[in-house]
file query30.cif (mmCIF, C-alpha atoms)
data_start
#
loop_
_atom_site.label_atom_id
_atom_site.label_comp_id
_atom_site.auth_asym_id
_atom_site.auth_seq_id
_atom_site.Cartn_x
_atom_site.Cartn_y
_atom_site.Cartn_z
CA MET A 12 10.10 -8.40 2.55
CA PRO A 13 12.30 -9.58 -0.32
CA THR A 14 13.42 -7.03 -2.90
CA SER A 15 13.22 -9.78 -5.54
CA LEU A 16 10.87 -12.72 -5.59
CA SER A 17 11.76 -15.98 -7.31
CA THR A 18 9.35 -18.70 -8.40
CA ARG A 19 10.86 -20.97 -5.74
CA LEU A 20 10.09 -18.45 -2.99
CA LEU A 21 6.59 -17.95 -4.40
CA PHE A 22 6.04 -21.72 -4.24
CA ASP A 23 7.37 -21.97 -0.69
CA PHE A 24 5.21 -19.04 0.52
CA HIS A 25 1.95 -20.34 -0.97
CA ARG A 26 2.43 -24.09 -1.22
CA GLU A 27 -0.01 -25.03 1.52
CA LYS A 28 -2.55 -22.23 1.19
CA LEU A 29 -2.95 -22.75 -2.56
CA ALA A 30 -2.43 -26.54 -2.53
CA LEU A 31 0.40 -26.24 -5.04
CA GLU A 32 2.43 -29.12 -6.45
CA TRP A 33 5.59 -28.50 -8.48
CA VAL A 34 5.48 -31.04 -11.31
CA ALA A 35 8.02 -29.81 -13.88
CA GLY A 36 10.63 -27.18 -14.66
CA HIS A 37 12.45 -27.39 -11.33
CA SER A 38 15.58 -25.92 -12.88
CA GLY A 39 13.71 -22.63 -13.42
CA GLY A 40 13.17 -22.02 -9.71
CA ALA A 41 15.40 -18.94 -9.72
CA ARG A 42 13.32 -17.06 -12.30
CA PRO A 43 12.55 -13.56 -10.96
CA ILE A 44 8.97 -12.40 -10.69
CA ASN A 45 9.73 -8.73 -10.15
CA VAL A 46 12.30 -6.22 -11.31
CA CYS A 47 13.39 -3.37 -9.02
CA LYS A 48 13.75 0.17 -10.30
CA PRO A 49 14.64 3.39 -8.46
CA SER A 50 11.78 5.25 -6.82
CA PRO A 51 10.96 8.82 -7.81
CA ALA A 52 11.89 11.60 -5.40
CA THR A 53 9.48 12.20 -2.53
CA PRO A 54 8.07 15.47 -1.13
CA PHE A 55 10.05 14.94 2.07
CA SER A 56 13.36 14.35 0.25
CA ALA A 57 13.91 10.97 1.88
CA PRO A 58 17.53 9.78 1.52
CA SER A 59 17.96 7.55 -1.52
CA SER A 60 19.32 4.81 0.72
CA LEU A 61 15.93 4.64 2.43
CA VAL A 62 13.86 4.55 -0.75
CA THR A 63 13.02 1.34 -2.56
CA SER A 64 10.71 0.72 -5.47
CA SER A 65 9.61 -2.41 -7.32
CA ARG A 66 7.83 -2.66 -10.62
CA ILE A 67 6.99 -5.50 -12.94
CA PRO A 68 8.62 -5.58 -16.39
CA GLU A 69 6.96 -3.54 -19.13
CA ASN A 70 4.22 -5.29 -21.14
CA LYS A 71 3.77 -7.86 -18.38
CA ALA A 72 0.76 -8.29 -16.12
CA LEU A 73 1.19 -9.81 -12.68
CA VAL A 74 -1.05 -12.83 -12.82
CA GLY A 75 -4.04 -13.86 -14.91
CA ARG A 76 -5.66 -16.38 -17.17
CA LEU A 77 -3.81 -17.69 -20.19
CA ASN A 78 -2.83 -14.74 -22.37
CA LEU A 79 -0.67 -15.29 -25.45
CA ILE A 80 -0.71 -11.69 -26.70
CA TYR A 81 0.38 -9.92 -23.50
CA PRO A 82 1.80 -12.79 -21.45
CA ASN A 83 1.30 -12.66 -17.70
CA LEU A 84 4.24 -13.18 -15.38
CA ILE A 85 2.16 -16.00 -13.91
CA GLN A 86 0.03 -17.76 -16.51
CA VAL A 87 -2.98 -19.61 -15.08
CA VAL A 88 -4.53 -22.45 -17.07
CA GLY A 89 -7.97 -23.31 -15.71
CA MET A 90 -11.07 -25.08 -16.99
CA SER A 91 -11.92 -22.41 -19.59
CA GLU A 92 -8.37 -22.37 -20.93
CA MET A 93 -8.26 -26.16 -21.09
CA SER A 94 -11.49 -26.19 -23.10
CA TYR A 95 -10.08 -23.54 -25.43
CA LEU A 96 -6.87 -25.48 -26.04
CA ALA A 97 -8.78 -28.75 -26.52
CA GLY A 98 -10.96 -27.15 -29.19
CA LEU A 99 -8.02 -26.03 -31.34
CA GLY A 100 -6.79 -27.97 -34.33
CA LYS A 101 -3.58 -29.94 -33.98
CA ASN A 102 -1.29 -27.30 -35.46
CA SER A 103 -2.99 -24.40 -33.66
CA HIS A 104 -2.91 -26.40 -30.42
CA GLU A 105 0.83 -26.96 -30.66
CA ASP A 106 1.43 -23.33 -31.70
CA ALA A 107 -0.51 -22.09 -28.66
CA LEU A 108 1.50 -24.25 -26.24
CA ARG A 109 4.77 -23.27 -27.86
CA GLN A 110 3.82 -19.58 -27.72
CA LEU A 111 2.82 -19.94 -24.07
CA PHE A 112 6.27 -21.11 -23.02
CA GLU A 113 8.21 -18.95 -25.50
CA GLY A 114 6.57 -15.95 -23.78
CA LYS A 115 8.91 -16.71 -20.86
CA PRO A 116 6.38 -16.68 -18.02
CA ALA A 117 7.87 -16.88 -14.55
CA VAL A 118 5.59 -19.83 -13.85
CA VAL A 119 2.60 -21.65 -15.33
CA ILE A 120 -0.10 -22.83 -12.91
CA MET A 121 -2.60 -25.49 -13.96
CA THR A 122 -5.71 -25.39 -11.76
CA ASP A 123 -8.70 -27.72 -11.23
CA LYS A 124 -6.38 -30.71 -11.43
CA GLU A 125 -9.17 -33.24 -10.82
CA HIS A 126 -10.78 -32.14 -14.10
CA ALA A 127 -7.57 -31.67 -16.10
CA SER A 128 -7.01 -33.67 -19.25
CA PRO A 129 -4.16 -36.19 -18.75
CA ALA A 130 -3.03 -35.52 -22.32
CA LEU A 131 -2.86 -31.76 -21.80
CA SER A 132 -1.09 -32.24 -18.47
CA ALA A 133 1.54 -34.38 -20.19
CA GLU A 134 2.01 -31.74 -22.90
CA LEU A 135 2.44 -28.97 -20.36
CA VAL A 136 5.02 -31.04 -18.48
CA HIS A 137 6.89 -31.66 -21.76
CA TYR A 138 7.05 -27.97 -22.72
CA ALA A 139 7.88 -26.90 -19.16
CA GLU A 140 10.84 -29.28 -18.94
CA ARG A 141 12.09 -28.28 -22.36
CA SER A 142 11.97 -24.55 -21.55
CA ASP A 143 12.95 -24.79 -17.85
CA THR A 144 9.66 -23.10 -16.93
CA PRO A 145 8.27 -23.98 -13.51
CA LEU A 146 4.89 -25.74 -13.78
CA PHE A 147 2.62 -25.90 -10.73
CA ILE A 148 -0.71 -27.69 -10.43
CA SER A 149 -3.45 -27.14 -7.88
CA ARG A 150 -6.82 -28.64 -7.02
CA LEU A 151 -8.19 -25.13 -6.42
CA SER A 152 -10.10 -23.12 -9.03
CA SER A 153 -8.39 -20.58 -11.24
CA ASP A 154 -10.43 -17.77 -9.61
CA ALA A 155 -9.13 -18.69 -6.15
CA ILE A 156 -5.52 -18.84 -7.40
CA ILE A 157 -5.70 -15.55 -9.33
CA ASN A 158 -7.46 -13.59 -6.58
CA HIS A 159 -4.99 -14.70 -3.91
CA LEU A 160 -1.83 -14.15 -5.95
CA HIS A 161 -3.01 -10.85 -7.38
CA TYR A 162 -3.57 -9.44 -3.89
CA TYR A 163 -0.22 -10.79 -2.67
CA LEU A 164 1.82 -9.60 -5.64
CA THR A 165 0.12 -6.20 -5.85
CA ASN A 166 1.26 -5.47 -2.32
CA LEU A 167 4.71 -7.02 -2.78
CA LEU A 168 5.56 -5.32 -6.07
CA ALA A 169 3.95 -1.96 -5.38
CA ASP A 170 6.07 1.19 -5.54
CA LYS A 171 7.47 1.81 -2.06
CA VAL A 172 8.97 4.72 -0.21
CA VAL A 173 10.28 5.15 3.34
CA LEU A 174 9.49 8.51 4.97
CA HIS A 175 10.76 10.07 8.19
CA GLY A 176 8.03 10.44 10.78
CA VAL A 177 5.71 8.56 13.12
CA PHE A 178 2.81 6.72 11.51
CA MET A 179 -0.26 6.16 13.67
CA GLU A 180 -3.90 5.21 13.59
CA VAL A 181 -5.74 8.16 15.12
CA LEU A 182 -9.51 7.85 15.54
CA GLY A 183 -9.55 5.11 12.93
CA ILE A 184 -7.54 6.74 10.12
CA GLY A 185 -3.86 6.61 9.17
CA VAL A 186 -1.96 9.74 10.21
CA LEU A 187 1.71 10.49 9.55
CA LEU A 188 3.33 12.88 12.03
CA THR A 189 6.21 14.77 10.41
CA GLY A 190 8.49 17.64 11.37
CA ASP A 191 12.09 18.51 12.05
CA SER A 192 14.14 16.32 14.35
CA GLY A 193 13.47 17.14 17.99
CA VAL A 194 10.18 18.93 17.34
CA GLY A 195 8.29 16.45 19.55
CA LYS A 196 6.83 13.82 17.20
CA SER A 197 7.60 10.86 19.47
CA GLU A 198 6.34 12.60 22.62
CA LEU A 199 3.14 13.45 20.77
CA ALA A 200 2.83 9.84 19.57
CA LEU A 201 3.22 8.58 23.14
CA GLU A 202 0.46 10.90 24.36
CA LEU A 203 -1.80 9.83 21.49
CA VAL A 204 -1.25 6.17 22.39
CA SER A 205 -2.11 6.95 26.02
CA ARG A 206 -5.39 8.43 24.72
CA GLY A 207 -6.34 5.15 23.02
CA ASN A 208 -4.84 5.63 19.55
CA ARG A 209 -2.45 3.10 18.00
CA LEU A 210 1.17 3.12 16.86
CA ILE A 211 2.10 1.65 13.49
CA ALA A 212 5.70 2.74 12.91
CA ASP A 213 8.20 5.13 14.44
CA ASP A 214 10.96 6.93 12.53
CA SER A 215 10.87 5.03 9.20
CA PRO A 216 7.38 3.91 8.13
CA GLU A 217 7.23 2.27 4.70
CA PHE A 218 4.45 3.20 2.28
CA SER A 219 3.32 1.16 -0.73
CA CYS A 220 1.15 2.43 -3.57
CA ILE A 221 -1.33 -0.46 -3.82
CA ALA A 222 -3.94 1.44 -5.87
CA PRO A 223 -4.02 4.69 -7.86
CA ASP A 224 -5.27 6.60 -4.81
CA THR A 225 -4.15 4.41 -1.90
CA LEU A 226 -0.92 4.33 0.12
CA ASN A 227 -0.59 1.45 2.58
CA GLY A 228 1.76 2.14 5.50
CA THR A 229 3.62 -0.55 7.44
CA CYS A 230 6.51 -0.83 9.87
CA PRO A 231 9.90 -2.45 9.11
CA ALA A 232 10.19 -5.67 11.11
CA LEU A 233 13.21 -4.39 13.05
CA LEU A 234 11.32 -1.36 14.43
CA ARG A 235 7.97 -3.02 15.11
CA ASP A 236 6.42 -2.17 18.54
CA PHE A 237 9.18 0.33 19.42
CA LEU A 238 9.03 4.10 19.94
CA GLU A 239 12.04 6.25 20.78
CA VAL A 240 11.29 9.16 23.13
CA ARG A 241 14.06 11.59 24.03
CA GLY A 242 14.94 11.27 27.69
CA LEU A 243 13.18 7.89 28.03
CA GLY A 244 15.04 5.98 25.36
CA VAL A 245 13.44 3.17 23.34
CA LEU A 246 10.02 2.08 24.61
CA ASN A 247 8.17 -1.13 23.76
CA ILE A 248 4.63 0.17 23.24
CA ARG A 249 3.12 -3.32 22.99
CA ALA A 250 4.66 -4.35 26.32
CA MET A 251 3.59 -1.09 28.00
CA PHE A 252 0.05 -0.68 26.65
CA GLY A 253 -0.88 -4.11 25.28
CA ASP A 254 -1.58 -5.52 21.83
CA SER A 255 -4.42 -3.06 21.24
CA ALA A 256 -1.90 -0.18 21.14
CA ILE A 257 -0.23 -1.55 18.00
CA LYS A 258 -1.57 -1.66 14.44
CA ASN A 259 0.23 -3.59 11.69
CA ASN A 260 -0.77 -1.39 8.77
CA LYS A 261 -3.11 1.40 7.73
CA TYR A 262 -3.90 3.48 4.66
CA LEU A 263 -2.33 6.95 4.82
CA ARG A 264 -5.09 9.59 4.80
CA LEU A 265 -3.60 12.62 6.54
CA ILE A 266 -0.20 14.17 7.26
CA ILE A 267 0.21 16.33 10.36
CA HIS A 268 3.31 18.49 10.00
CA LEU A 269 4.65 19.95 13.25
CA LYS A 270 6.42 23.25 12.72
CA ARG A 271 8.07 25.67 15.10
CA MET A 272 6.70 29.13 14.35
CA GLY A 273 7.43 32.56 15.70
CA ASP A 274 4.71 34.90 16.96
CA GLU A 275 4.61 36.72 13.65
CA GLU A 276 4.14 33.50 11.65
CA VAL A 277 1.35 32.37 13.97
CA ARG A 278 -0.43 35.71 13.62
CA ASN A 279 -0.25 35.44 9.82
CA LEU A 280 -1.97 32.05 9.70
CA ASP A 281 -5.38 31.90 8.01
CA ARG A 282 -7.71 31.82 11.02
CA LEU A 283 -10.72 30.75 8.95
CA GLN A 284 -9.36 28.01 6.71
CA GLY A 285 -6.36 26.87 8.77
CA ASN A 286 -3.01 25.81 7.34
CA HIS A 287 -3.78 23.03 4.84
CA SER A 288 -1.93 21.85 1.75
CA THR A 289 -1.44 18.73 -0.35
CA CYS A 290 1.59 16.45 -0.52
CA ARG A 291 2.21 14.17 -3.49
CA ILE A 292 3.70 10.81 -2.54
CA LEU A 293 4.20 8.14 -5.20
CA GLU A 294 1.75 10.03 -7.44
CA VAL A 295 -0.92 10.01 -4.71
CA ASP A 296 -2.17 13.30 -3.24
CA VAL A 297 -2.38 13.30 0.55
CA GLN A 298 -3.84 16.17 2.58
CA GLN A 299 -1.42 17.85 4.98
CA THR A 300 -2.23 20.04 7.96
CA SER A 301 0.53 22.10 9.57
CA LEU A 302 0.32 22.72 13.32
CA PRO A 303 2.40 25.39 15.09
CA VAL A 304 4.50 24.01 17.95
CA ALA A 305 4.62 26.36 20.92
CA PRO A 306 4.67 26.10 24.73
CA GLY A 307 1.25 25.47 26.23
CA ARG A 308 -0.36 24.00 23.11
CA ASN A 309 -1.98 20.59 23.61
CA LEU A 310 -0.84 18.92 20.39
CA ALA A 311 -2.61 15.62 21.07
CA VAL A 312 -5.97 17.41 21.27
CA LEU A 313 -5.10 19.43 18.17
CA VAL A 314 -4.17 16.30 16.20
CA GLU A 315 -7.42 14.59 17.15
CA GLY A 316 -9.27 17.78 16.22
CA ALA A 317 -7.50 17.85 12.84
CA VAL A 318 -8.45 14.20 12.25
CA ARG A 319 -12.11 14.80 13.13
CA ASN A 320 -12.15 17.84 10.83
CA HIS A 321 -10.56 15.77 8.05
CA ILE A 322 -13.24 13.10 8.44
CA LEU A 323 -15.92 15.78 8.13
CA SER A 324 -14.26 17.34 5.07
CA PHE A 325 -13.99 13.90 3.46
CA SER A 326 -17.76 13.60 3.76
CA GLY A 327 -18.15 17.00 2.08
CA TYR A 328 -18.57 19.29 5.09
CA SER A 329 -16.46 22.43 5.58
CA ALA A 330 -16.81 24.34 8.84
CA ALA A 331 -15.17 27.40 7.23
CA ASN A 332 -17.66 27.41 4.35
CA ASP A 333 -20.53 26.80 6.75
CA PHE A 334 -19.44 29.72 8.91
CA ALA A 335 -18.98 31.99 5.86
CA GLU A 336 -22.46 31.07 4.58
CA ARG A 337 -24.00 31.71 7.99
CA GLN A 338 -22.30 35.11 8.07
CA ARG A 339 -23.56 35.90 4.54
CA GLN A 340 -27.12 35.01 5.49
CA TYR A 341 -26.86 37.13 8.64
CA MET A 342 -25.68 40.12 6.58
CA VAL A 343 -28.51 39.63 4.07
CA GLN A 344 -31.03 39.44 6.91
CA ALA A 345 -29.60 42.54 8.57
CA SER A 346 -29.72 44.38 5.25
CA ASP A 347 -33.38 43.43 4.71
CA GLU A 348 -34.31 44.54 8.21
CA THR A 349 -32.61 47.89 7.61
CA ALA A 350 -34.47 48.34 4.31
CA TYR A 351 -37.86 47.73 5.93
CA SER A 352 -37.21 49.89 8.97
#
call {"tool": "encode", "arguments": {"input": "query30.cif", "output": "structure tokens"}}
result
Amino acid sequence: MPTSLSTRLLFDFHREKLALEWVAGHSGGARPINVCKPSPATPFSAPSSLVTSSRIPENKALVGRLNLIYPNLIQVVGMSEMSYLAGLGKNSHEDALRQLFEGKPAVVIMTDKEHASPALSAELVHYAERSDTPLFISRLSSDAIINHLHYYLTNLLADKVVLHGVFMEVLGIGVLLTGDSGVGKSELALELVSRGNRLIADDSPEFSCIAPDTLNGTCPALLRDFLEVRGLGVLNIRAMFGDSAIKNNKYLRLIIHLKRMGDEEVRNLDRLQGNHSTCRILEVDVQQTSLPVAPGRNLAVLVEGAVRNHILSFSGYSAANDFAERQRQYMVQASDETAYS
């Protein structure tokens, strides 16, 4: 994935799908569509060399209909915008077009080309050439263009962070296995795959904040399909288990942290509530469950149990609260029976 996207790359990526034609402003093909900034620190203290972040310039929206007050990076001129411009007086019409291109959009896209006014098309070409602003036209509607590009750019320009761990789909939800080096994350991942779960990324999964409460996890292209297991070396999970054992991406919903604990630490764990906490990644809170690593513990079963419990808690059910309430009712009943005896 590019760390910087130019209008020329945008055109090449979406030329066929969006039926784009580049009609003017070819000299502006190198205009950047995103600006990279450093990512904030992460809860797992990922090395800065592994952390990347991309954000659009301030006061700029990604893509949208013609906006002269807060110009979009990609300005879309559709049927409604054409009607608006056509209804302006001569001076206001020229001022609007001049303001559109002086706002320095990365690209202007004129949609619904079969219904476009030849005069307006010629004016847009004139201003695009004069300002070196790329001008694309498409036969598709403005809604189709905006929806597609907004989804694409939101994912591309989202804040990103690379974390150390193994990212998997376990029982249908995204689970990140973390822990110190050598604690057994890869061995656990291999056992989970053998139980029908799916691998997304080993060692360096990349997470993007695509919504205020959503982190999308993917695998770097170089590491895709591979899992390193100590003693076995690098394994190709797709070749060993088939395509169904690999998942391209998943939303991160739960972190399972594997931790070596002594007998005293294990005894001090909360036996009712378990060992749960919250991690904040790219301003998104993710639930974390810590599991003690010790000889004889079946971690694959424990991870699946943690996932099933998380699914229940997400729907509002708490086994600990249920048990506590059952105990309270039992004590009340016992007390009443004693009073009447």
call {"tool": "closest_atom_pairs", "arguments": {"input": "query30.cif", "of": "region 97-199 of chain A", "to": "region 266-287 of chain A", "cutoff": "7 Å", "atoms": "only C-alpha atoms", "output": "JSON lines"}}
result
{"residue": "A:Val186", "atom": "CA", "partner": "A:Ile266", "partner_atom": "CA", "distance": 5.6}
{"residue": "A:Leu187", "atom": "CA", "partner": "A:Ile266", "partner_atom": "CA", "distance": 4.7}
{"residue": "A:Leu188", "atom": "CA", "partner": "A:Ile267", "partner_atom": "CA", "distance": 4.9}
{"residue": "A:Thr189", "atom": "CA", "partner": "A:His268", "partner_atom": "CA", "distance": 4.7}
{"residue": "A:Gly190", "atom": "CA", "partner": "A:Leu269", "partner_atom": "CA", "distance": 4.9}
{"residue": "A:Val194", "atom": "CA", "partner": "A:Leu269", "partner_atom": "CA", "distance": 7.0}
call {"tool": "write_last_selection", "arguments": {"input": "query30.cif", "atoms": "C-alpha atoms", "output": "PDB file, in the coordinates of the input"}}
result
ATOM      1  CA  VAL A 186      -1.960   9.740  10.210  1.00  0.00           C
ATOM      2  CA  LEU A 187       1.710  10.490   9.550  1.00  0.00           C
ATOM      3  CA  LEU A 188       3.330  12.880  12.030  1.00  0.00           C
ATOM      4  CA  THR A 189       6.210  14.770  10.410  1.00  0.00           C
ATOM      5  CA  GLY A 190       8.490  17.640  11.370  1.00  0.00           C
ATOM      6  CA  VAL A 194      10.180  18.930  17.340  1.00  0.00           C
TER       7      VAL A 194
END
call {"tool": "resolve_selection", "arguments": {"input": "query30.cif", "expression": "the PyMOL selection byres ((chain A and resi 229-246) around 6)", "output": "list in words"}}
result
Ser197, Ala212, Asp213, Pro216, Glu217, Gly228, Asn247, Ile248, Arg249 and Asn260 of chain A
call {"tool": "residues_near_point", "arguments": {"input": "query30.cif", "point": "(6.5, -26.3, -21.5)", "cutoff": "10 Å", "atoms": "all atoms listed in the file", "output": "PyMOL selection string"}}
result
chain A and resi 35-36+108-113+115+119+133-146
call {"tool": "closest_residue", "arguments": {"input": "query30.cif", "among": "A:Lys258, A:Lys124, A:Arg339, A:Arg42", "to": "Ile184 (chain A)", "atoms": "only C-alpha atoms"}}
result
A:Lys258
call {"tool": "closest_residue", "arguments": {"input": "query30.cif", "among": "A:Asn208, A:Asp214, A:Ala350, A:Pro223", "to": "Gly253 (chain A)", "atoms": "all atoms listed in the file"}}
result
A:Asn208
call {"tool": "resolve_selection", "arguments": {"input": "query30.cif", "expression": "the PyMOL selection byres ((chain A and resi 92) around 12)", "output": "compact mmCIF listing (two decimals) with C-alpha atoms, keeping the file's coordinate frame"}}
result
# COMPACT_ATOMS: atom_id res chain seq x y z
CA GLY A 75 -4.04 -13.86 -14.91
CA ARG A 76 -5.66 -16.38 -17.17
CA LEU A 77 -3.81 -17.69 -20.19
CA ASN A 78 -2.83 -14.74 -22.37
CA LEU A 79 -0.67 -15.29 -25.45
CA GLN A 86 0.03 -17.76 -16.51
CA VAL A 87 -2.98 -19.61 -15.08
CA VAL A 88 -4.53 -22.45 -17.07
CA GLY A 89 -7.97 -23.31 -15.71
CA MET A 90 -11.07 -25.08 -16.99
CA SER A 91 -11.92 -22.41 -19.59
CA MET A 93 -8.26 -26.16 -21.09
CA SER A 94 -11.49 -26.19 -23.10
CA TYR A 95 -10.08 -23.54 -25.43
CA LEU A 96 -6.87 -25.48 -26.04
CA ALA A 97 -8.78 -28.75 -26.52
CA GLY A 98 -10.96 -27.15 -29.19
CA LEU A 99 -8.02 -26.03 -31.34
CA HIS A 104 -2.91 -26.40 -30.42
CA ALA A 107 -0.51 -22.09 -28.66
CA LEU A 108 1.50 -24.25 -26.24
CA LEU A 111 2.82 -19.94 -24.07
CA ILE A 120 -0.10 -22.83 -12.91
CA MET A 121 -2.60 -25.49 -13.96
CA THR A 122 -5.71 -25.39 -11.76
CA ASP A 123 -8.70 -27.72 -11.23
CA ALA A 127 -7.57 -31.67 -16.10
CA SER A 128 -7.01 -33.67 -19.25
CA LEU A 131 -2.86 -31.76 -21.80
CA SER A 153 -8.39 -20.58 -11.24
call {"tool": "axis_aligned_box", "arguments": {"input": "query30.cif", "around": "region 246-263 of chain A", "padding_each_side": "3 Å", "output": "AutoDock Vina command-line options"}}
result
--center_x 2.8 --center_y 0.7 --center_z 16.3 --size_x 20.4 --size_y 18.5 --size_z 29.3
call {"tool": "closest_residue", "arguments": {"input": "query30.cif", "among": "A:Ala335, A:Ile211, A:Val343, A:Ile44", "to": "Leu167 (chain A)", "atoms": "all atoms listed in the file"}}
result
A:Ile44
call {"tool": "atom_distance", "arguments": {"input": "query30.cif", "atom1": "CA of Glu105 (chain A)", "atom2": "CA of Glu125 (chain A)"}}
result
23.1 Å
call {"tool": "atom_distance", "arguments": {"input": "query30.cif", "atom1": "CA of Glu180 (chain A)", "atom2": "CA of Asp254 (chain A)"}}
result
13.7 Å
call {"tool": "atom_distance", "arguments": {"input": "query30.cif", "atom1": "CA of Phe147 (chain A)", "atom2": "CA of Ala222 (chain A)"}}
result
28.5 Å
call {"tool": "closest_residue", "arguments": {"input": "query30.cif", "among": "A:Gln338, A:Gln344, A:Thr349, A:Thr225", "to": "Arg291 (chain A)", "atoms": "all atoms listed in the file"}}
result
A:Thr225
call {"tool": "resolve_selection", "arguments": {"input": "query30.cif", "expression": "the PyMOL selection byres ((chain A and resi 209) around 9)", "output": "PyMOL selection string"}}
result
chain A and resi 179-183+200+203-205+207-208+210-211+255-258
call {"tool": "closest_residue", "arguments": {"input": "query30.cif", "among": "A:Ala72, A:Ile156, A:Ala169, A:Ile322", "to": "Leu31 (chain A)", "atoms": "only C-alpha atoms"}}
result
A:Ile156
call {"tool": "residues_around", "arguments": {"input": "query30.cif", "residues": "Leu21 (chain A)", "least_positions_apart": "6", "cutoff": "10 Å", "atoms": "only C-alpha atoms", "output": "CSV table (one decimal) with C-alpha atoms, keeping the file's coordinate frame"}}
result
chain,number,residue,atom,x,y,z
A,40,GLY,CA,13.2,-22.0,-9.7
A,43,PRO,CA,12.6,-13.6,-11.0
A,44,ILE,CA,9.0,-12.4,-10.7
A,118,VAL,CA,5.6,-19.8,-13.8
A,160,LEU,CA,-1.8,-14.2,-6.0
A,164,LEU,CA,1.8,-9.6,-5.6
call {"tool": "closest_residue", "arguments": {"input": "query30.cif", "among": "A:Thr165, A:Asn102, A:Ser149, A:Ser288", "to": "His126 (chain A)", "atoms": "only C-alpha atoms"}}
result
A:Ser149
call {"tool": "decode", "arguments": {"input": "query30.cif", "residues": "region 156-189 of chain A", "atoms": "C-alpha atoms", "output": "PDB file, in the first residue's frame"}}
result
ATOM      1  CA  ILE A 156     -18.191   7.897  -7.650  1.00  0.00           C
ATOM      2  CA  ILE A 157     -18.370   9.357  -4.132  1.00  0.00           C
ATOM      3  CA  ASN A 158     -19.371   6.109  -2.413  1.00  0.00           C
ATOM      4  CA  HIS A 159     -16.596   4.114  -4.078  1.00  0.00           C
ATOM      5  CA  LEU A 160     -13.824   6.649  -3.531  1.00  0.00           C
ATOM      6  CA  HIS A 161     -14.879   7.430   0.027  1.00  0.00           C
ATOM      7  CA  TYR A 162     -14.637   3.752   0.986  1.00  0.00           C
ATOM      8  CA  TYR A 163     -11.288   3.368  -0.794  1.00  0.00           C
ATOM      9  CA  LEU A 164      -9.703   6.522   0.615  1.00  0.00           C
ATOM     10  CA  THR A 165     -11.033   6.005   4.140  1.00  0.00           C
ATOM     11  CA  ASN A 166      -9.200   2.691   4.289  1.00  0.00           C
ATOM     12  CA  LEU A 167      -6.083   3.994   2.535  1.00  0.00           C
ATOM     13  CA  LEU A 168      -5.664   7.167   4.585  1.00  0.00           C
ATOM     14  CA  ALA A 169      -6.747   5.784   7.948  1.00  0.00           C
ATOM     15  CA  ASP A 170      -4.361   5.984  10.902  1.00  0.00           C
ATOM     16  CA  LYS A 171      -2.300   2.793  10.921  1.00  0.00           C
ATOM     17  CA  VAL A 172      -0.186   0.937  13.420  1.00  0.00           C
ATOM     18  CA  VAL A 173       1.785  -2.317  13.256  1.00  0.00           C
ATOM     19  CA  LEU A 174       1.673  -4.450  16.413  1.00  0.00           C
ATOM     20  CA  HIS A 175       3.664  -7.517  17.415  1.00  0.00           C
ATOM     21  CA  GLY A 176       1.501 -10.616  17.660  1.00  0.00           C
ATOM     22  CA  VAL A 177      -0.543 -13.120  15.685  1.00  0.00           C
ATOM     23  CA  PHE A 178      -3.864 -11.904  14.324  1.00  0.00           C
ATOM     24  CA  MET A 179      -6.540 -14.532  13.741  1.00  0.00           C
ATOM     25  CA  GLU A 180     -10.217 -15.051  13.122  1.00  0.00           C
ATOM     26  CA  VAL A 181     -11.421 -17.237  15.985  1.00  0.00           C
ATOM     27  CA  LEU A 182     -15.059 -18.345  15.936  1.00  0.00           C
ATOM     28  CA  GLY A 183     -15.866 -15.491  13.582  1.00  0.00           C
ATOM     29  CA  ILE A 184     -14.233 -12.551  15.408  1.00  0.00           C
ATOM     30  CA  GLY A 185     -10.822 -10.901  15.094  1.00  0.00           C
ATOM     31  CA  VAL A 186      -8.441 -11.906  17.891  1.00  0.00           C
ATOM     32  CA  LEU A 187      -4.887 -10.646  18.407  1.00  0.00           C
ATOM     33  CA  LEU A 188      -2.601 -13.024  20.295  1.00  0.00           C
ATOM     34  CA  THR A 189       0.122 -11.112  22.144  1.00  0.00           C
TER      35      THR A 189
END
